[in-house]
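Following: one structure in structure tokens, then a few remarks.
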Amino acid sequence: MGIRIVSRARIRELESFIEDVSYPSHCVDCPGLYSDSPQHHPSYEVTTECNLNCVFCYAHSSAMANTLPKPGYYGNENPKAITVSQYGEPTVIGIEKLEKLFDLLRKKFGNVRIDLQTNGTLLNKPVQADIVMISLSSSTKEGYMRLTGRNMFCRVLKAIEMNSGVIVRTVFLPGINDSEIDSIAKIVREYEVEHMIQPCSIHPGLKERLREAGYSFDRDTLYDYLDSAEKARSSGADVRIPGCLLRIVKSMLEQFDFEDVVFAQRRVAKSPPKIRREWKFSFHI
Ligand code: SF4
């Protein structure tokens, strides 16, 4: 990668973006906000099946390594929030069954927040979760088809429109969708929901897949990510940065110069993603 020339003015804009930007409501009560070795929220894994085939999906890495999680609850006895789920697409079991699962979790754990993580393509009616995180990493039907393998862009927009507590989740993919982040943010802004933009997690086995899809590893720096996220927020979207990432960046900036932090090349993870909590039980639904 050549030397990057960035004006002092732009650096100041990005520094104040980091100071101002908030994390999504999904991150509230997550250990990622304060721990140096964070575990994600407790999760209930429904299935590892999915109706899409996203080029950036980290579950492919686990599938290749044969480490996909078995269904069930991974977490402690007193969760404040449960993510349903980290792997696969939970809505493939049907909305009724999914809501039955939410009821069972609420019955067992009391006043717990249920954060559904979904691609939104099968949400043909509002779902009774507290937070509904819907993935959208393209601004066009064609781009969506290239990224996911299915022509379901319009269904995702409908799911965003009809649900409450929506957070749209966009994965930043330099070389693939970096020129579209602004257009995605403009779409999200129309629905007046939170817009979480996150970097792509690159685990073993994903690099080649991403390269074939046009991923630019040269532009995979924190600078490129923050630059896109800041521009998206300038267009009026309610852009949010993952809480754990924001905390790490702020703490690095206390010790190092801005340029040294943001231009460092991101590392590819050495092992497949893993749930860092113990399996406890599963419901028969
Ligand atoms: S993005 Fe980070 S802080 Fe937010 S919920 Fe996930 S692990 Fe926690």
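Chain lettering (A, B, ...) mirrors the order of the structure tokens, residue numbering begins at 1 for each chain separately, and ligand numbering begins at 1 in order of display.
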Closest atom pairs, residues of region 91-193 of chain A within 12 Å of region 13-24 of chain A, only C-alpha atoms, as a Markdown table:
```
| residue | atom | partner | partner_atom | distance |
| --- | --- | --- | --- | --- |
| A:Asp115 | CA | A:Pro24 | CA | 11.8 |
| A:Ile131 | CA | A:Pro24 | CA | 10.4 |
| A:Val132 | CA | A:Pro24 | CA | 11.7 |
| A:Met133 | CA | A:Pro24 | CA | 10.1 |
| A:Gly165 | CA | A:Pro24 | CA | 11.1 |
| A:Val166 | CA | A:Pro24 | CA | 10.4 |
| A:Ile167 | CA | A:Pro24 | CA | 7.6 |
| A:Val168 | CA | A:Pro24 | CA | 9.8 |
| A:Arg169 | CA | A:Pro24 | CA | 9.8 |
| A:Val193 | CA | A:Pro24 | CA | 10.3 |
```
Legend entry - Distance query Met152 (chain A) at most 10 Å, only C-alpha atoms, self and fewer than 2 positions along chain excluded, as an MDAnalysis selection string: chainID A and resid 52 119:122 141:142 144:145 148:150 154:157
Inset, instruction - Check every protein, DNA and RNA residue against ligand 1, keep those with an atom at most 7 Å away (counting only C-alpha atoms and all ligand atoms), and present them as number ranges by chain. - result: A: 26-27, 30-33, 38-41, 242-245
Just to be explicit: take each residue in the selection above, keep C-alpha atoms, and write the result as a PDB file, in the first residue's frame.
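Saved as again27.pdb:
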```
ATOM      1  CA  HIS A  26     -27.758  -3.438  20.982  1.00  0.00           C
ATOM      2  CA  CYS A  27     -24.422  -2.831  22.771  1.00  0.00           C
ATOM      3  CA  CYS A  30     -22.623  -5.879  26.725  1.00  0.00           C
ATOM      4  CA  PRO A  31     -19.273  -6.596  28.432  1.00  0.00           C
ATOM      5  CA  GLY A  32     -17.644  -5.318  25.220  1.00  0.00           C
ATOM      6  CA  LEU A  33     -18.207  -1.795  26.528  1.00  0.00           C
ATOM      7  CA  PRO A  38     -14.976  -9.098  26.041  1.00  0.00           C
ATOM      8  CA  GLN A  39     -17.521 -11.799  25.584  1.00  0.00           C
ATOM      9  CA  HIS A  40     -20.469 -10.914  23.397  1.00  0.00           C
ATOM     10  CA  HIS A  41     -23.940 -10.874  25.007  1.00  0.00           C
ATOM     11  CA  PRO A 242     -19.832  -1.144  17.582  1.00  0.00           C
ATOM     12  CA  GLY A 243     -19.245  -0.340  21.267  1.00  0.00           C
ATOM     13  CA  CYS A 244     -16.267  -2.650  21.741  1.00  0.00           C
ATOM     14  CA  LEU A 245     -14.504  -1.211  18.680  1.00  0.00           C
TER      15      LEU A 245
END
```
Legend entry - 10 Å contact set for Arg146 (chain A), only C-alpha atoms, chain neighbours under 4 positions out, as a ChimeraX atom specification: /A:53-55,138,140-142,150-151,176,213
Inset, instruction - Fewer than 6 positions away in the same chain doesn't count, so skip those; otherwise give me all residues within 12 Å of His60 (chain A), counting only C-alpha atoms, as a list in words. - result: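 Once the nearby chain positions are removed, what remains is Thr48, Glu49, Cys50, Leu52, Asn53, Cys54, Asn66, Thr67, Leu68, Tyr87, Gly88, Ser201, Ile202, His203, Pro204, Gly205, Leu206, Lys207, Glu208, Arg209, Leu210, Pro272 and Pro273 of chain A.
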Please save C-alpha atoms of the selected residues as a PDB file, in the first residue's frame.
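What landed in part_33.pdb:
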```pdb
ATOM      1  CA  THR A  48     -26.687 -22.772  11.554  1.00  0.00           C
ATOM      2  CA  GLU A  49     -28.856 -22.967   8.400  1.00  0.00           C
ATOM      3  CA  CYS A  50     -29.312 -19.832   6.312  1.00  0.00           C
ATOM      4  CA  LEU A  52     -28.575 -16.596   1.929  1.00  0.00           C
ATOM      5  CA  ASN A  53     -24.945 -17.154   1.004  1.00  0.00           C
ATOM      6  CA  CYS A  54     -23.200 -13.887   1.921  1.00  0.00           C
ATOM      7  CA  ASN A  66     -16.238 -27.990  11.666  1.00  0.00           C
ATOM      8  CA  THR A  67     -16.771 -25.776  14.720  1.00  0.00           C
ATOM      9  CA  LEU A  68     -20.328 -24.564  14.158  1.00  0.00           C
ATOM     10  CA  TYR A  87     -24.844 -17.971  13.560  1.00  0.00           C
ATOM     11  CA  GLY A  88     -27.260 -18.934  10.801  1.00  0.00           C
ATOM     12  CA  SER A 201     -14.428  -9.917  10.477  1.00  0.00           C
ATOM     13  CA  ILE A 202     -11.987 -11.931   8.413  1.00  0.00           C
ATOM     14  CA  HIS A 203     -11.469 -15.445   9.696  1.00  0.00           C
ATOM     15  CA  PRO A 204      -9.523 -18.350   8.135  1.00  0.00           C
ATOM     16  CA  GLY A 205     -10.990 -19.450   4.825  1.00  0.00           C
ATOM     17  CA  LEU A 206     -12.742 -16.146   4.125  1.00  0.00           C
ATOM     18  CA  LYS A 207      -9.864 -14.229   2.570  1.00  0.00           C
ATOM     19  CA  GLU A 208     -10.002 -15.984  -0.818  1.00  0.00           C
ATOM     20  CA  ARG A 209     -13.776 -15.793  -0.956  1.00  0.00           C
ATOM     21  CA  LEU A 210     -13.655 -12.055  -0.265  1.00  0.00           C
ATOM     22  CA  PRO A 272     -12.498 -19.458  13.211  1.00  0.00           C
ATOM     23  CA  PRO A 273     -15.033 -17.422  15.220  1.00  0.00           C
TER      24      PRO A 273
END
```
Inset, instruction - List the neighbours of Asp224 (chain A) out to 12 Å using only C-alpha atoms; skip same-chain residues closer than 2 positions along the sequence, and give me the result as a VMD selection string. - result: chain A and resid 4 6 11 14 172 to 175 177 to 179 181 198 to 199 216 to 222 226 to 231 262 to 266
Legend entry - Among the residues A:Val112, A:Ala237, A:Met196, A:Ile275, the one that comes closest to Ser183 (chain A) [using only C-alpha atoms]: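 Ranked by minimum distance to Ser183 (chain A), first place goes to A:Ala237.
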Inset, instruction - Choose the residue, out of A:Arg12, A:Arg267, A:Gly110, A:Asp36, that has the smallest atom-to-atom separation from Arg247 (chain A); count only C-alpha atoms. - result: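 Comparing A:Arg12, A:Arg267, A:Gly110, A:Asp36 against Arg247 (chain A), the winner is A:Asp36.
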